[in-house]
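Q: Encoded as C-alpha cells, here's the structure I'll be asking about.
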Amino acid sequence: MRNRFLNFKKLFVFTVLFSSAIIFAQENKPATWIWYPGDFEVWLSNKMQVRRTEREAVFPPLWQYYSPYALVTFQTEVDIPKPDDVKIFSEGPFQLLLDGVQIYGQPKSITVPAGKHKISFKVYNQEVLPAIYIAGNYVKSDASWKVTNEDKLWIDETGKAQQSGTPWVPVGSWNFNSPENKPSEFKLTTKPLSAKKTEKIGAGQLVDFGKETFGYIKIHGLKGKGKLALYYGESREEALDSAKCETLDHLFFDGKQPQTYIHDGSKAFRYVQVQADAGVKYDSISMLYEYLPLDYRGAFKSSDEQLNKIWDVSAYTMHLTSREFFIDGIKRDRWVWSGDAYQSYLMNYYLFFDSASVERTLLALRGKDPVTAHVNIIMDYSLYWFVGVYDYYLHTGDTKFIKTFYPRMKSLMDFCLERRNKNGFLEPLEGDWVFIDWADGLPKTGEVSFEQMLLARSLEAMAVSAAIAGKTEDQKQYQKLGDDLKTKLFDVFWDKKENVMKHQRIDGKIQNIVTRYANMFGIFFNYFTEEQKQSVKNKVLLNKDILQITTPYMRFYELEALCAMGEQDYVLKEMKDYWGGMLNEGATSFWEEYNPNKKGTEHLTMYGRPYGKSLCHAWGASPIYLLGKYYLGVKPTAPGYSEYEIKPNLGGLKWMEGKVPTPNGEVAVYCNTKEIKVKAGEGEGKLIFESASKPKTNSGTITELAKNKYQLIVKPNLEYKVSYKAI
C-alpha cells in the first residue's frame with residue numbers, strides 16, 4: 001500500500017511539474033504575425049517583381065500573378081490556468097468568436113477566462129493580405145494556429161473535390177515578432193555608404209561607389225528648382241551613355257524639397273552620372289545601401305590569393321542577389337526565376353544557410369492553384385522547383401514545408417505529367433519555353449534528353465515528398481513513374497556504340513547531336529555507371545569540340561560534374577581562368593555571361609543592347625558551392641546533417657581552410673598536404689581521405705576502406721587532427 005502511495009505521489013509530482021513546464025512554455029513563447037501559408041510570399045513577390053524598369057518604363061514579369069486570399073479564418077484551442085488579457089492586432093477588419101459566440105465590434109483586447117477555449121478570427125483584407133498578431137500571457141498567435149480560406153468546395157490531397165468540411169492548414173509566419181512590425185510594411189535594411197570618387201563630367205559629375213551595389217541615391221545640400229537627371233551604370237561606360245543606359249531617373253524639384261533628399265526608387269549601380277539644371281544646386285551624392293541582413297556562416301581561404309578573391313566576390317554577388325527572395329540579377333531582371341533560384345539555394349547552403357529565404361522563394365515561384373502554365377513559363381524551371389524542395393529537405397531536415405505544401409507539389413506535378421507526349425516524354429507544347437541555357441545553336445525542339453532527366457529527378461523528389469506527407473499510394477506511383485522514365489531515357493537516348501547520351505529525338509528519329517547538358521547532369525544525379533561516367537567525362541566534358549558553355553549558369557553544373565569525377569585539379573584551373581578572367585576585366589561582382597574571346601565593351605552587351613548584360617547575377621556565384629562541397633568536401637548524407645561526409649580535396653592547393661554551415665552549427669575543415677583538422681557542431685560525420693602511408697589521429701579510430709583510402713568517424717564538438725601523406 002505504501003509503495004502504491006509513493007508511486008501515486010511521484011506521478012502527482014511529475015504531472016504538476018509537467019503541467020508547470022507547459023504553462024511556462026506558453027508564457028515564454030513569442031507571439032508573431034500569422035497568415036495563410038504562402039500568401040505573404042505571393043503578395044511580396046508581386047510587389048517586388050513589378051519594380052523592374054528600363055529607362056523609366058515599368059517592365060513586369062512574363063508570367064501569371066496570383067493573389068492572397070482576401071478572407072481567411074484563423075483558429076486555435078487553448079487550455080489556460082487563469083484569465084488572460086489578450087491584445088489584438090489585425091491587418092484588416094475581423095469577426096471574433098470565443099467558443100462559438102461572436103464578440104461584437106473590433107475590440108483591441110479581450111479577457112479570455114481560465115480553462116479550455118476555442119478562438120476564431122475571420123479576417124478580410126483585399127489590399128495586402130489578412131494577418132493577425134495576438135498577444136497575451138498564454139494566448140498568442142504562433143505556428144500552432146490553423147487557418148482556412150473558407151473554400152467549401154475544395155480539392156483534397158488525392159485530387160478529389162470535397163463538398164463539405166473546411167481544409168484547415170498550419171499558418172504561415174516569418175519573423176514579424178512585434179505588433180508594430182507588420183507584414184504589409186516589410187522593408188529590407190539600409191545603411192549609408194559614401195562615394196569613393198567623384199569627377200566632373202561636362203556640366204555634371206560622375207559618382208563612383210567603388211563596386212557594384214544596390215540602393216537609394218541620397219542628395220545632400222539640395223536647393224533650387226528644376227530637373228536633376230540620374231543615369232545609372234554597372235559600368236562607367238553605361239553611366240556615361242545617357243541615351244542608352246538601362247536605368248535612369250528624371251527628378252523634378254519645386255524648391256520645397258528637403259535639403260537632404262533620398263530618392264525612393266532603389267537601383268543597381270556602381271556609377272551614377274548626375275546632370276542638373278542651372279537652377280538646381282547640391283553639395284554631394286551618397287547612397288543608402290539596401291540589403292537583407294544575413295550572417296556569413298560559410299567561409300573559405302586557401303594558399304591561392306586569386307581563388308580567395310573569387311570566393312569573396314562570389315559571396316558578395318550572392319548577398320546582393322539575396323533580397324526579399326533569391327533573384328537573378330540586381331539590375332536585370334530583379335525577378336524570381338526558378339533556374340537561377342535553384343542554384344541560389346545550393347550556394348545559400350554553403351554561405352548563409354538561411355532556410356527562410358529558400359522557403360519564401362519556393363513559395364513565391366509556386367504560386368497557387370490552379371496550375372495553368374509552367375513555373376516562369378519554362379518547362380525545365382518547373383522541374384528545378386521539385387528538385388529544390390527535395391534539396392531543402394536534405395539540407396535542413398524540415399518536413400513541415402513538404403507536409404504543408406504537398407498539395408501544391410502534387411498539382412504542379414499533375415500539370416507536368418499531363419503535358420507528356422504519347423511516348424511519355426516531355427515535349428514543348430504551345431506556351432512552353434524550353435530554356436536549358438543561353439547558347440547559340442542549341443536545339444530545343446522535340447524530345448530533349450535533358451528535360452526527361454530533370455523530370456525523372458523530379459519524380460524521385462515527389463516520391464520522397466509523398467512518403468513524408470503520408471501519401472503511400474502517391475509514393476508508389478511516383479517511384480514507378482520515375483523508374484520507368486529512367487529506363488526509357490537510356491533506351492532512347494543512350495548511344496551504346498559511342499557511350500554518350502544524345503541530345504534530341506524529333507518525330508521518332510534520334511538526332512546525331514551530343515551536348516553537355518544531360519551528360520553532365522547524369523553524373524551528379526548518379527544515373528550513370530562508373531564506365532559511363534568515364535566515357536562522358538572524356539568524350540563530352542573534356543571535349544572542346546562539343547558545344548561550349550559560356551554562361552556561369554551551366555558552368556556551375558559542368559564543373560560540378562567534373563568535381564564529382566575527382567577532377568578538382570582541372571576545375572581549379574577552370575575557376576581561375578573563368579572567374580579570374582572576370583576579375584581581370586574589373587568585375588566587382590560576377591556576371592550573367594562571360595566569353596573570354598570578347599574584348600572591352602563587348603563584355604557589356606547582351607540581347608542586342610549595348611548594356612543588356614547583368615554584371616551581378618546570382619548564377620555567377622557558384623564557386624561558393626563548388627569550394628564548399630567538393631574542395632572542403634562537406635555534404636549531408638542524411639536529412640538535416642544528422643549524417644554527413646567530409647572528403648577534402650586540395651585540387652593542387654598547398655592548403656585550404658573553411659566552414660560549411662549546417663542547421664545548428666558549422667563543420668570546420670583545415671587541410672594541407674600533411675594534416676587534416678576537422679571540428680563539427682552536430683551530427684555524425686565521416687571523414688574520408690586518401691593517404692600514401694598509414695595515417696594517425698589524435699582522437700577516434702581510423703579505418704582502412706581500401707588501398708590508400710581511409711575513414712574517421714567525426715563526433716560533435718571534438719577537434720580531430722589527422723596526420724597523413726598526400727598522394
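Chain labels run A, B, ... following the order of the C-alpha cells; each chain numbers its residues from 1, and ligands are numbered from 1 in the order shown.
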Got a sec: who's within 7 Å of stretch 170-184 of chain A, counting only C-alpha atoms, leaving out chain neighbours fewer than 6 positions off, as a PyMOL selection string?

A: chain A and resi 31-38+89+128+133+143-147+404

Q: Output as a list in words all residues of stretch 195-288 of chain A that backbone DSSP marks as helix (DSSP H, G or I).

A: Arg236, Glu237, Glu238, Ala239 and Leu240 of chain A

Q: Residues at most 10 Å from stretch 72-83 of chain A, counting only C-alpha atoms, excluding those fewer than 5 positions away in the same chain, as a ChimeraX atom specification?

A: /A:19-20,23,26,34-36,94-97,99,111-125,129-132,136-142,144-151,168-171

Q: Please, what distance in Å, to one decimal, runs between atom CA of A:Glu498 and atom CA of A:Leu481?

A: 27.5 Å

Q: Compile a residue-level contact table for stretch 60-82 of chain A against stretch 372-391 of chain A at a cut-off of 9 Å, reporting for every qualifying residue the shortest atom pair and its distance in Å to one decimal, with only C-alpha atoms counted, rows ordered by chain and ascending number, as a tab-separated table.

A:
```
residue	atom	partner	partner_atom	distance
A:Pro61	CA	A:Asn376	CA	8.6
A:Leu62	CA	A:Asn376	CA	7.3
A:Trp63	CA	A:Asn376	CA	5.7
A:Gln64	CA	A:Ala373	CA	8.2
```
